[in-house]
Amino acid sequence: MSFRAAFSQSQILRSRLGKMASQFSKADMGAGLSLAELPKSNVFTSKLPPDPAFDTPEASHKAQRERLYPRTVKGAAFTFVRPETTEDPELLGVSPRAMKDLGLKPGEENTAQFKAVVAGNEFYWDEENGGVYPWAQCYGVVLAFRHEGTEAEHQQRAISLFESTNPSTNVRYEVQLKGAGRTPYSRFADGKAVLRSSIHVVAISNTCIFGTFDLPHSRGDRNMVRKLATYVAEDVFNGWESLPGAVSVGKDQQADSVEDPPRGLLGDKIQDHHGVEENRFARLYREIARRNAKTVAAWQAYGFMNGVLNTDNTSVYGLSLDYGPFAFMDNFDPQYTPNHDDHMLRYSYKNQPSVIWWNLVRLGECLGELIGAGPQVDDENFVKQGVTEDAAPALIKRAETIIERTGDEYRTVFLNQYKCLMSKRLGLRTQKESDFQELYSELLDTLEALELDFNHFFRRLSSVPIVDLETEAGRKDIAHIFFHIEGHGGIGYTEDSARERIAKWLDRWRQRVLEDWGTEADADIKRQEAMKKVNPKFVPRGWILEEVIERVERRGDRDILGRVMNMALNPFNEEWGLNREEEERFCGDVPRFQRAMMCSCSS
């Protein structure tokens, strides 16, 4: 069954934090702000412990840059460190969506200050007036399917400049430079990013990755783990009261209605989840699991692969992040991995839900003492000294039970979200139990057997009129639109048998669409419009990124970046009005020998 393929998107940091009050009028907010006017904060560095060797911005600023190079840092969440300056920087491209999210006014990217800040030549701190001093975060990594952490801090090329809350949306972001020079956590090389990887890699902040917990946990730093968990609940999420409450199901029942559990519970209350006492840290763990379940469901529904799903590339916020060898599916192949170093296929499409859960178990181990403590989590002796030998068995049992039950919840949330997204992609307004096997699984099996393009199938299906599928002859005639230019693939299929298999699936789909939409005159037009809003025409595939990189690096074609960025930010458009021939080529058939491309982590 093809469900084995389902269970076996990024701008600067999107982090719904804080409640910073705006000092600007609505008129100011609508027009956007300059970079200087943008409200700036440093909640992360104000609430968590710094590198003891440079415990203040002043200490770091006075130090020679070389003293901030790689070394072991303990008892700290970050190090104050300024970016390395850049001579004669060139600004290649700016995302208008990111500018809007931050609350910056149009055209601000053309100012000298903007260019100086994003080049790492200026930041918002000085010895006389203070401000926000840049920092690099300390974290480790646990590799998937290996059970040991690492004391060697991961290659870290990111330096955070400041946090900023958009005054009109009250959403807080972290503005970060990647490739801004060496930090104590840069394991090798010079901490810089070459042009190729800058185009190919999309990164967000490391503030909330699982790897943030891995390093202190591996060192037995209980106090740091607790501080980090508290920071995530209070400052990354919207407070302890926003976390999920108990799910009302019996101890032996599968949780099948956990999509939106009750919230608004006080942080210090103990809740009963499946017969096990939960404290606020257990509810924090469940919230993180739920968020990641929804994210990986979206990956599976849209054929996206991260390529390197270690714990340092998994977010407590449930964000996709740090894309190195990432890819969107071309021909549907559940075994496909875009990482050419992944010989065991551990990060393949079909394994992503399992790998994310593996990472969540590692996070559960990091939080295990807090989760397992139950109602004793705030007892003075426990906070200072940890669990006693006598209490350890009960604590371990409680933690293991909560992690196991959270696994059930993770799977259920994943399935619910996956079914919801797939139903929308297929233009359905309701869900039936039979849809899973007869539509989702059968479609994936067909795409795999005939070697058909995953995302093209959904977009082209969006334009198929139901009236054209009333007869078997009509369905067979339509089937060819899903083939590649050179025809279908797959072993053992003729042109006619391939059309016949697609036609059978189209008949089942037609019946479900009629059930949901009826036969009114404009119903099918509305269905097509709804499908085109969720099935992108443009997908930033590997072959397109390779061409962009080649044109920028070797031909000096800077304009291609803006055009492709515009397409990526508006993927559901029919056209973009910039270069029609290029747009249609990028949205058309993937060149035969450029399908299922692979690259390395540093590409």
# chains A, B, ... in the order shown; residues from 1 in each chain; ligands from 1
$ residues_around --residues "Val383 of chain A" --least-positions-apart "5" --cutoff "10 Å" --atoms "only C-alpha atoms" --output "ChimeraX atom specification"
/A:222-223,226,370,376-378
$ residues_around --residues "Gly107 of chain A" --least-positions-apart "5" --cutoff "12 Å" --atoms "only C-alpha atoms" --output "list in words"
Ala31, Gly32, Leu33, Ser34, Leu35, Val94, Ser95, Pro96, Met99, Lys100, Ala112, Gln113, Phe114 and Lys115 of chain A
$ residues_around --residues "Gly75 of chain A" --least-positions-apart "4" --cutoff "12 Å" --atoms "only C-alpha atoms" --output "PyMOL selection string"
chain A and resi 48-53+55+79+138-139+215-217+219-225+227-228
$ write_last_selection --atoms "N, CA and C atoms" --output "compact mmCIF listing (two decimals), in the first residue's frame"
# COMPACT_ATOMS: atom_id res chain seq x y z
N LEU A 48 18.83 33.87 28.48
CA LEU A 48 19.63 32.65 28.55
C LEU A 48 21.10 32.99 28.82
N PRO A 49 21.84 32.07 29.40
CA PRO A 49 23.22 32.37 29.82
C PRO A 49 24.19 32.49 28.65
N PRO A 50 25.08 33.50 28.71
CA PRO A 50 26.06 33.69 27.64
C PRO A 50 27.33 32.89 27.87
N ASP A 51 28.17 32.86 26.85
CA ASP A 51 29.51 32.29 26.93
C ASP A 51 30.25 32.96 28.09
N PRO A 52 30.68 32.22 29.11
CA PRO A 52 31.32 32.86 30.27
C PRO A 52 32.62 33.58 29.94
N ALA A 53 33.26 33.23 28.82
CA ALA A 53 34.50 33.90 28.45
C ALA A 53 34.24 35.30 27.90
N ASP A 55 31.03 37.33 28.55
CA ASP A 55 29.69 37.34 29.10
C ASP A 55 28.93 38.64 28.89
N THR A 79 27.16 32.83 22.26
CA THR A 79 28.31 33.70 22.43
C THR A 79 28.04 35.01 21.71
N CYS A 138 24.85 28.21 20.51
CA CYS A 138 25.54 26.95 20.82
C CYS A 138 24.56 25.78 20.65
N TYR A 139 24.94 24.80 19.87
CA TYR A 139 24.08 23.62 19.75
C TYR A 139 24.90 22.43 19.29
N LEU A 215 23.15 19.28 23.06
CA LEU A 215 24.48 19.49 23.66
C LEU A 215 24.43 19.55 25.19
N PRO A 216 23.57 20.39 25.79
CA PRO A 216 23.53 20.39 27.27
C PRO A 216 23.08 19.06 27.84
N HIS A 217 22.18 18.37 27.14
CA HIS A 217 21.74 17.06 27.63
C HIS A 217 22.91 16.08 27.64
N ARG A 219 25.91 16.67 28.03
CA ARG A 219 26.87 17.07 29.07
C ARG A 219 26.29 16.97 30.48
N GLY A 220 25.04 16.58 30.58
CA GLY A 220 24.41 16.48 31.89
C GLY A 220 24.09 17.82 32.51
N ASP A 221 23.92 18.85 31.68
CA ASP A 221 23.64 20.20 32.17
C ASP A 221 22.13 20.36 32.35
N ARG A 222 21.62 19.87 33.48
CA ARG A 222 20.19 19.88 33.77
C ARG A 222 19.63 21.30 33.79
N ASN A 223 20.36 22.20 34.39
CA ASN A 223 19.90 23.58 34.53
C ASN A 223 19.69 24.23 33.17
N MET A 224 20.60 23.99 32.22
CA MET A 224 20.48 24.58 30.90
C MET A 224 19.28 24.01 30.15
N VAL A 225 19.07 22.72 30.25
CA VAL A 225 17.91 22.10 29.59
C VAL A 225 16.62 22.72 30.10
N LYS A 227 16.22 25.71 31.48
CA LYS A 227 16.13 27.09 31.03
C LYS A 227 15.69 27.18 29.57
N LEU A 228 16.25 26.31 28.74
CA LEU A 228 15.89 26.31 27.32
C LEU A 228 14.42 25.94 27.12
$ select_by_dssp --residues "segment 226-429 of chain A" --states "helix (DSSP H, G or I)" --output "PyMOL selection string"
chain A and resi 226-236+240-242+280-302+311-313+349-366+368-372+374-376+380-385+392-425
$ atom_distance --atom1 "atom CA of Leu506 of chain A" --atom2 "atom CA of Pro334 of chain A"
21.9 Å
$ atom_distance --atom1 "atom CA of Lys294 of chain A" --atom2 "atom CA of Thr337 of chain A"
20.6 Å
$ atom_distance --atom1 "atom CA of Val81 of chain A" --atom2 "atom CA of Trp135 of chain A"
5.0 Å
$ select_by_dssp --residues "segment 326-504 of chain A" --states "strand (DSSP E or B)" --output "VMD selection string"
chain A and resid 327 to 328 331 339 453 484 487
$ write_last_selection --atoms "N, CA and C atoms" --output "mmCIF file, in the first residue's frame"
data_model
loop_
_atom_site.group_PDB
_atom_site.id
_atom_site.type_symbol
_atom_site.label_atom_id
_atom_site.label_comp_id
_atom_site.auth_asym_id
_atom_site.auth_seq_id
_atom_site.Cartn_x
_atom_site.Cartn_y
_atom_site.Cartn_z
ATOM 1 N N ALA A 327 14.786 19.076 -1.983
ATOM 2 C CA ALA A 327 14.206 18.915 -3.326
ATOM 3 C C ALA A 327 12.706 18.722 -3.229
ATOM 4 N N PHE A 328 12.029 19.055 -4.327
ATOM 5 C CA PHE A 328 10.643 18.660 -4.525
ATOM 6 C C PHE A 328 10.639 17.479 -5.492
ATOM 7 N N ASN A 331 9.448 12.777 -10.794
ATOM 8 C CA ASN A 331 8.681 11.536 -10.898
ATOM 9 C C ASN A 331 8.489 10.959 -9.502
ATOM 10 N N ASN A 339 19.840 13.785 -1.253
ATOM 11 C CA ASN A 339 21.166 13.846 -0.651
ATOM 12 C C ASN A 339 22.027 12.712 -1.209
ATOM 13 N N ASP A 453 5.145 12.640 -13.092
ATOM 14 C CA ASP A 453 5.524 13.766 -12.252
ATOM 15 C C ASP A 453 4.471 14.015 -11.179
ATOM 16 N N HIS A 484 4.899 12.513 -19.677
ATOM 17 C CA HIS A 484 6.020 13.371 -20.042
ATOM 18 C C HIS A 484 6.006 13.601 -21.555
ATOM 19 N N GLY A 487 6.531 10.597 -23.295
ATOM 20 C CA GLY A 487 5.539 9.572 -23.003
ATOM 21 C C GLY A 487 5.604 9.134 -21.565
#
$ closest_atom_pairs --of "segment 461-551 of chain A" --to "segment 298-316 of chain A" --cutoff "10 Å" --atoms "only C-alpha atoms" --output "tab-separated table"
residue	atom	partner	partner_atom	distance
A:Val534	CA	A:Tyr302	CA	9.8
A:Asn535	CA	A:Tyr302	CA	8.6
A:Pro536	CA	A:Tyr302	CA	9.4
A:Val539	CA	A:Tyr302	CA	9.9
A:Arg541	CA	A:Phe304	CA	9.9
$ write_last_selection --atoms "N, CA, C and O atoms" --output "CSV table (one decimal), in the first residue's frame"
chain,number,residue,atom,x,y,z
A,534,VAL,N,-4.4,25.5,-4.4
A,534,VAL,CA,-3.6,24.7,-3.5
A,534,VAL,C,-2.6,23.8,-4.3
A,534,VAL,O,-1.8,23.1,-3.7
A,535,ASN,N,-2.7,23.8,-5.6
A,535,ASN,CA,-1.8,23.0,-6.4
A,535,ASN,C,-0.9,24.0,-7.2
A,535,ASN,O,-1.3,24.6,-8.2
A,536,PRO,N,0.4,24.1,-6.8
A,536,PRO,CA,1.2,25.1,-7.5
A,536,PRO,C,1.5,24.8,-8.9
A,536,PRO,O,1.7,23.7,-9.3
A,539,VAL,N,7.1,25.1,-9.1
A,539,VAL,CA,7.8,24.4,-8.0
A,539,VAL,C,9.3,24.6,-8.2
A,539,VAL,O,9.8,24.3,-9.3
A,541,ARG,N,12.3,23.4,-8.5
A,541,ARG,CA,12.9,22.1,-8.6
A,541,ARG,C,14.4,22.2,-8.7
A,541,ARG,O,15.0,23.3,-9.0
$ residues_around --residues "segment 400-408 of chain A" --least-positions-apart "4" --cutoff "8 Å" --atoms "only C-alpha atoms" --output "short mmCIF file (atom, residue, chain, number, x, y, z; two decimals) with C-alpha atoms, in the first residue's frame"
data_model
loop_
_atom_site.label_atom_id
_atom_site.label_comp_id
_atom_site.auth_asym_id
_atom_site.auth_seq_id
_atom_site.Cartn_x
_atom_site.Cartn_y
_atom_site.Cartn_z
CA GLN A 254 -6.42 5.43 19.72
CA ALA A 255 -6.64 9.22 19.88
CA HIS A 274 -4.24 8.74 28.79
CA VAL A 276 -0.62 9.50 33.02
CA GLU A 278 1.34 15.46 32.78
CA ALA A 282 5.07 17.20 29.10
CA ARG A 286 3.34 17.28 23.01
CA ALA A 289 5.37 16.85 18.45
CA TRP A 357 9.55 11.00 15.13
CA VAL A 361 12.20 10.75 20.75
CA GLY A 364 11.98 13.46 24.65
CA GLY A 368 12.90 13.17 30.02
CA ILE A 371 8.64 15.19 31.73
CA GLY A 372 8.97 12.27 34.10
CA ILE A 396 11.61 6.88 33.97
CA THR A 412 -2.82 10.70 14.51
#
$ residues_around --residues "Lys432 of chain A" --least-positions-apart "3" --cutoff "12 Å" --atoms "only C-alpha atoms" --output "list in words"
Lys419, Cys420, Ser423, Leu428, Arg429, Asp435, Phe436, Gln437, Glu438, Leu439, Tyr440, Arg512, Val513, Glu515 and Asp516 of chain A
$ write_last_selection --atoms "C-alpha atoms" --output "PDB file, in the first residue's frame"
ATOM      1  CA  LYS A 419      -5.658  13.400   4.612  1.00  0.00           C
ATOM      2  CA  CYS A 420      -6.865  16.996   4.817  1.00  0.00           C
ATOM      3  CA  SER A 423      -8.268  15.932  -0.104  1.00  0.00           C
ATOM      4  CA  LEU A 428     -12.626  17.229  -2.466  1.00  0.00           C
ATOM      5  CA  ARG A 429     -14.760  19.067   0.057  1.00  0.00           C
ATOM      6  CA  ASP A 435     -10.600   7.836  -0.065  1.00  0.00           C
ATOM      7  CA  PHE A 436      -7.362   6.777   1.553  1.00  0.00           C
ATOM      8  CA  GLN A 437      -7.055   3.515  -0.316  1.00  0.00           C
ATOM      9  CA  GLU A 438      -9.069   4.178  -3.468  1.00  0.00           C
ATOM     10  CA  LEU A 439      -7.796   7.673  -4.205  1.00  0.00           C
ATOM     11  CA  TYR A 440      -4.617   8.571  -2.304  1.00  0.00           C
ATOM     12  CA  ARG A 512     -16.118  11.598  -5.608  1.00  0.00           C
ATOM     13  CA  VAL A 513     -16.007  15.079  -7.097  1.00  0.00           C
ATOM     14  CA  GLU A 515     -20.556  13.604  -4.623  1.00  0.00           C
ATOM     15  CA  ASP A 516     -18.909  16.667  -3.112  1.00  0.00           C
TER      16      ASP A 516
END
$ closest_residue --among "A:Met597, A:Ala523, A:Gly427, A:His480" --to "Asp496 of chain A" --atoms "only C-alpha atoms"
A:His480
